[in-house]
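See below for the structure under consideration.
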Amino acid sequence: MSKSGIKRSIPSDLQRELGQAIGDVSRAWRYEMNLRLKPFGLNLSMRQVLVQLHRHPEGLVQKELARKLSIEEPTLARLLDQLEKKEWVRRLPSEDDKRCKFSKLTPKAAKQIRIIEKLSQQLRREMMHGLEQDEMQAGLQILSRMRTNLHAM
């Protein structure tokens, strides 16, 4: 709504431009993160799995991990295979249901987590260079509202 209380429609070209900018920033971030992770034998998909498991040290059932990452279970299974070969992840049978497996980080993954955290922090700092705190808060508020709208669909 405008200051006068009358709801105005937002021009479709402005909506399109904002949507494209969000996509462009997302793609550029993924591209740059992949470049930075590659020398460490990592990629963005592996990063996402490791970060989720780091946030859940008790482990996650594969189905729940796939849901949190918004990927299909077969895709996740391939990623977990790669991470197991590197000895960064271990899959353990569930005590409640032997058909389910929990995925957990191994102690060997701690080094990768430190690398991921350092690279992520550096990239965020570079990406947000020159932005003021109030600009970041306004952007976060806008993106949060857009996410809420998408989840309500």
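Ordering of the structure tokens sets the chain letters (A, B, ...); residue numbers start at 1 within each chain; ligands are numbered from 1 in the order shown.
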
DSSP-assigned strand (DSSP E) members of segment 3-137 of chain A, reported as a tab-separated table (two decimals) with all heavy atoms, in the first residue's frame:
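Saved to selection_2.tsv:
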chain	number	residue	atom	x	y	z
A	60	LEU	N	20.90	-37.50	10.96
A	60	LEU	CA	19.59	-37.35	10.33
A	60	LEU	C	19.28	-38.60	9.50
A	60	LEU	O	20.17	-39.17	8.88
A	60	LEU	CB	19.57	-36.14	9.40
A	60	LEU	CG	19.55	-34.77	10.06
A	60	LEU	CD1	19.79	-33.68	9.02
A	60	LEU	CD2	18.22	-34.52	10.77
A	61	VAL	N	18.01	-38.99	9.51
A	61	VAL	CA	17.56	-40.06	8.63
A	61	VAL	C	17.63	-39.51	7.20
A	61	VAL	O	17.36	-38.33	6.97
A	61	VAL	CB	16.12	-40.49	8.99
A	61	VAL	CG1	15.61	-41.56	8.04
A	61	VAL	CG2	16.05	-40.98	10.42
A	89	VAL	N	31.45	-38.90	6.13
A	89	VAL	CA	30.11	-39.23	6.58
A	89	VAL	C	30.04	-40.73	6.83
A	89	VAL	O	30.69	-41.51	6.13
A	89	VAL	CB	29.04	-38.82	5.53
A	89	VAL	CG1	27.68	-39.40	5.84
A	89	VAL	CG2	28.95	-37.31	5.43
A	90	ARG	N	29.25	-41.10	7.82
A	90	ARG	CA	29.03	-42.51	8.11
A	90	ARG	C	27.51	-42.73	8.18
A	90	ARG	O	26.79	-41.90	8.74
A	90	ARG	CB	29.68	-42.85	9.45
A	90	ARG	CG	29.58	-44.29	9.85
A	90	ARG	CD	30.32	-44.54	11.13
A	90	ARG	NE	29.95	-43.49	12.09
A	90	ARG	CZ	30.63	-43.18	13.16
A	90	ARG	NH1	31.73	-43.81	13.45
A	90	ARG	NH2	30.23	-42.23	13.98
A	91	ARG	N	27.05	-43.82	7.59
A	91	ARG	CA	25.63	-44.17	7.66
A	91	ARG	C	25.48	-45.33	8.64
A	91	ARG	O	26.16	-46.35	8.52
A	91	ARG	CB	25.09	-44.54	6.29
A	91	ARG	CG	24.91	-43.32	5.39
A	91	ARG	CD	24.27	-43.67	4.10
A	91	ARG	NE	25.30	-43.87	3.09
A	91	ARG	CZ	25.08	-43.87	1.78
A	91	ARG	NH1	23.88	-43.71	1.31
A	91	ARG	NH2	26.07	-44.06	0.93
A	92	LEU	N	24.58	-45.14	9.59
A	92	LEU	CA	24.36	-46.13	10.64
A	92	LEU	C	22.90	-46.57	10.62
A	92	LEU	O	22.01	-45.75	10.39
A	92	LEU	CB	24.67	-45.52	12.01
A	92	LEU	CG	26.05	-44.89	12.17
A	92	LEU	CD1	26.08	-44.00	13.39
A	92	LEU	CD2	27.09	-45.98	12.25
A	93	PRO	N	22.64	-47.84	10.88
A	93	PRO	CA	21.24	-48.29	10.92
A	93	PRO	C	20.50	-47.66	12.11
A	93	PRO	O	21.09	-47.44	13.17
A	93	PRO	CB	21.34	-49.80	11.09
A	93	PRO	CG	22.74	-50.10	11.46
A	93	PRO	CD	23.58	-48.92	11.11
A	101	LYS	N	18.49	-45.51	7.71
A	101	LYS	CA	19.86	-45.25	8.12
A	101	LYS	C	20.01	-43.79	8.51
A	101	LYS	O	19.47	-42.90	7.85
A	101	LYS	CB	20.84	-45.59	7.00
A	101	LYS	CG	20.93	-47.07	6.73
A	101	LYS	CD	22.09	-47.40	5.83
A	101	LYS	CE	22.17	-48.91	5.68
A	101	LYS	NZ	23.31	-49.31	4.93
A	102	PHE	N	20.77	-43.59	9.57
A	102	PHE	CA	21.15	-42.26	10.00
A	102	PHE	C	22.46	-41.90	9.34
A	102	PHE	O	23.36	-42.73	9.24
A	102	PHE	CB	21.36	-42.22	11.52
A	102	PHE	CG	20.11	-41.95	12.28
A	102	PHE	CD1	19.29	-42.99	12.67
A	102	PHE	CD2	19.75	-40.65	12.61
A	102	PHE	CE1	18.14	-42.75	13.38
A	102	PHE	CE2	18.60	-40.41	13.32
A	102	PHE	CZ	17.79	-41.46	13.71
A	103	SER	N	22.56	-40.67	8.91
A	103	SER	CA	23.83	-40.16	8.39
A	103	SER	C	24.40	-39.22	9.44
A	103	SER	O	23.69	-38.37	9.98
A	103	SER	CB	23.61	-39.39	7.08
A	103	SER	OG	23.11	-40.26	6.10
A	104	LYS	N	25.68	-39.41	9.74
A	104	LYS	CA	26.38	-38.59	10.74
A	104	LYS	C	27.74	-38.21	10.19
A	104	LYS	O	28.33	-38.95	9.40
A	104	LYS	CB	26.58	-39.39	12.03
A	104	LYS	CG	25.32	-39.73	12.76
A	104	LYS	CD	25.61	-40.50	14.02
A	104	LYS	CE	25.91	-39.50	15.11
A	104	LYS	NZ	25.91	-40.10	16.46
A	105	LEU	N	28.25	-37.09	10.65
A	105	LEU	CA	29.61	-36.69	10.30
A	105	LEU	C	30.60	-37.55	11.07
A	105	LEU	O	30.34	-37.95	12.21
A	105	LEU	CB	29.85	-35.22	10.65
A	105	LEU	CG	29.10	-34.17	9.85
A	105	LEU	CD1	29.48	-32.79	10.34
A	105	LEU	CD2	29.35	-34.31	8.37

Extract the full set of alpha helix (DSSP H) residues from chain A according to DSSP on the backbone, and format it as a ChimeraX atom specification.
-> /A:12-37,44-55,62-69,73-85,110-127,133-151

Find the residue from A:Arg30, A:Arg55, A:His151, A:Arg114 that sits nearest to Met127 of chain A; use only C-alpha atoms when measuring.
-> A:Arg30

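In this comparison, which uses only C-alpha atoms, the residue of A:Arg27, A:Lys108, A:Cys100, A:Arg147 approaching Glu64 of chain A most closely is A:Cys100.
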
Using only C-alpha atoms, which residue out of A:Arg8, A:His56, A:Arg36, A:Lys63 lies closest to Lys118 of chain A?
->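 Smallest separation from Lys118 of chain A among the options: A:Arg36.
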
What's the 12 Å shell around segment 37-49 of chain A, counting only C-alpha atoms, without same-chain residues fewer than 3 positions away, as a compact mmCIF listing (two decimals) with C-alpha atoms, in the first residue's frame?
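After the write, out26.txt holds the following:
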# COMPACT_ATOMS: atom_id res chain seq x y z
CA ARG A 27 23.76 -18.53 -9.53
CA TRP A 29 27.09 -17.32 -5.40
CA ARG A 30 26.85 -21.04 -6.28
CA TYR A 31 29.42 -20.65 -9.07
CA GLU A 32 31.90 -18.77 -6.88
CA MET A 33 31.42 -21.15 -3.94
CA ASN A 34 32.02 -24.17 -6.19
CA GLN A 52 23.13 -29.90 7.53
CA LEU A 53 24.78 -32.82 9.32
CA HIS A 54 26.96 -30.39 11.27
CA ARG A 55 23.78 -28.62 12.43
CA HIS A 56 22.37 -31.99 13.55
CA GLY A 59 22.50 -37.45 12.73
CA LEU A 60 19.59 -37.35 10.33
CA GLN A 62 18.17 -39.94 4.88
CA GLU A 64 14.70 -36.02 6.52
CA LEU A 65 18.09 -34.91 5.19
CA ALA A 66 16.76 -35.00 1.61
CA ARG A 67 13.76 -32.92 2.70
CA LYS A 68 15.97 -30.33 4.41
CA LEU A 69 18.12 -30.06 1.26
CA SER A 70 15.10 -30.04 -1.11
CA ILE A 71 16.58 -32.88 -3.18
CA THR A 75 20.42 -37.79 -5.49
CA LEU A 76 21.21 -37.64 -1.79
CA ALA A 77 22.23 -41.32 -1.78
CA ARG A 78 24.85 -40.60 -4.48
CA LEU A 79 26.17 -37.63 -2.50
CA LEU A 80 26.36 -39.71 0.68
CA ASP A 81 28.23 -42.43 -1.24
CA GLN A 82 30.83 -39.84 -2.29
CA LEU A 83 31.12 -38.45 1.23
CA GLU A 84 31.44 -41.95 2.71
CA LYS A 85 34.29 -42.74 0.32
CA LYS A 86 36.06 -39.64 1.60
CA TRP A 88 33.52 -37.63 6.03
CA VAL A 89 30.11 -39.23 6.58
CA SER A 103 23.83 -40.16 8.39
CA LYS A 104 26.38 -38.59 10.74
CA LEU A 105 29.61 -36.69 10.30
CA ALA A 109 34.85 -34.17 8.54
CA LYS A 111 38.52 -30.17 8.87
CA GLN A 112 36.08 -29.85 5.96
CA ILE A 113 33.58 -28.03 8.17
CA ARG A 114 36.26 -25.50 9.17
CA ILE A 115 37.17 -24.99 5.49
CA ILE A 116 33.50 -24.59 4.53
CA GLU A 117 32.86 -22.09 7.33
CA LYS A 118 35.94 -20.03 6.43
CA LEU A 119 35.16 -19.98 2.69
CA SER A 120 31.48 -19.19 3.29
CA LEU A 123 32.42 -15.10 0.23

Just give me the gap between atom CA of Val51 of chain A and atom CA of Pro74 of chain A in Å, one decimal is fine.
-> 19.1 Å

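Coordinates place atom CA of Ser9 of chain A at a distance of 28.5 Å from atom CA of Glu132 of chain A.
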
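Taking atom CA of Gln15 of chain A and atom CA of Gln137 of chain A as the two end points, the separation is 20.0 Å.
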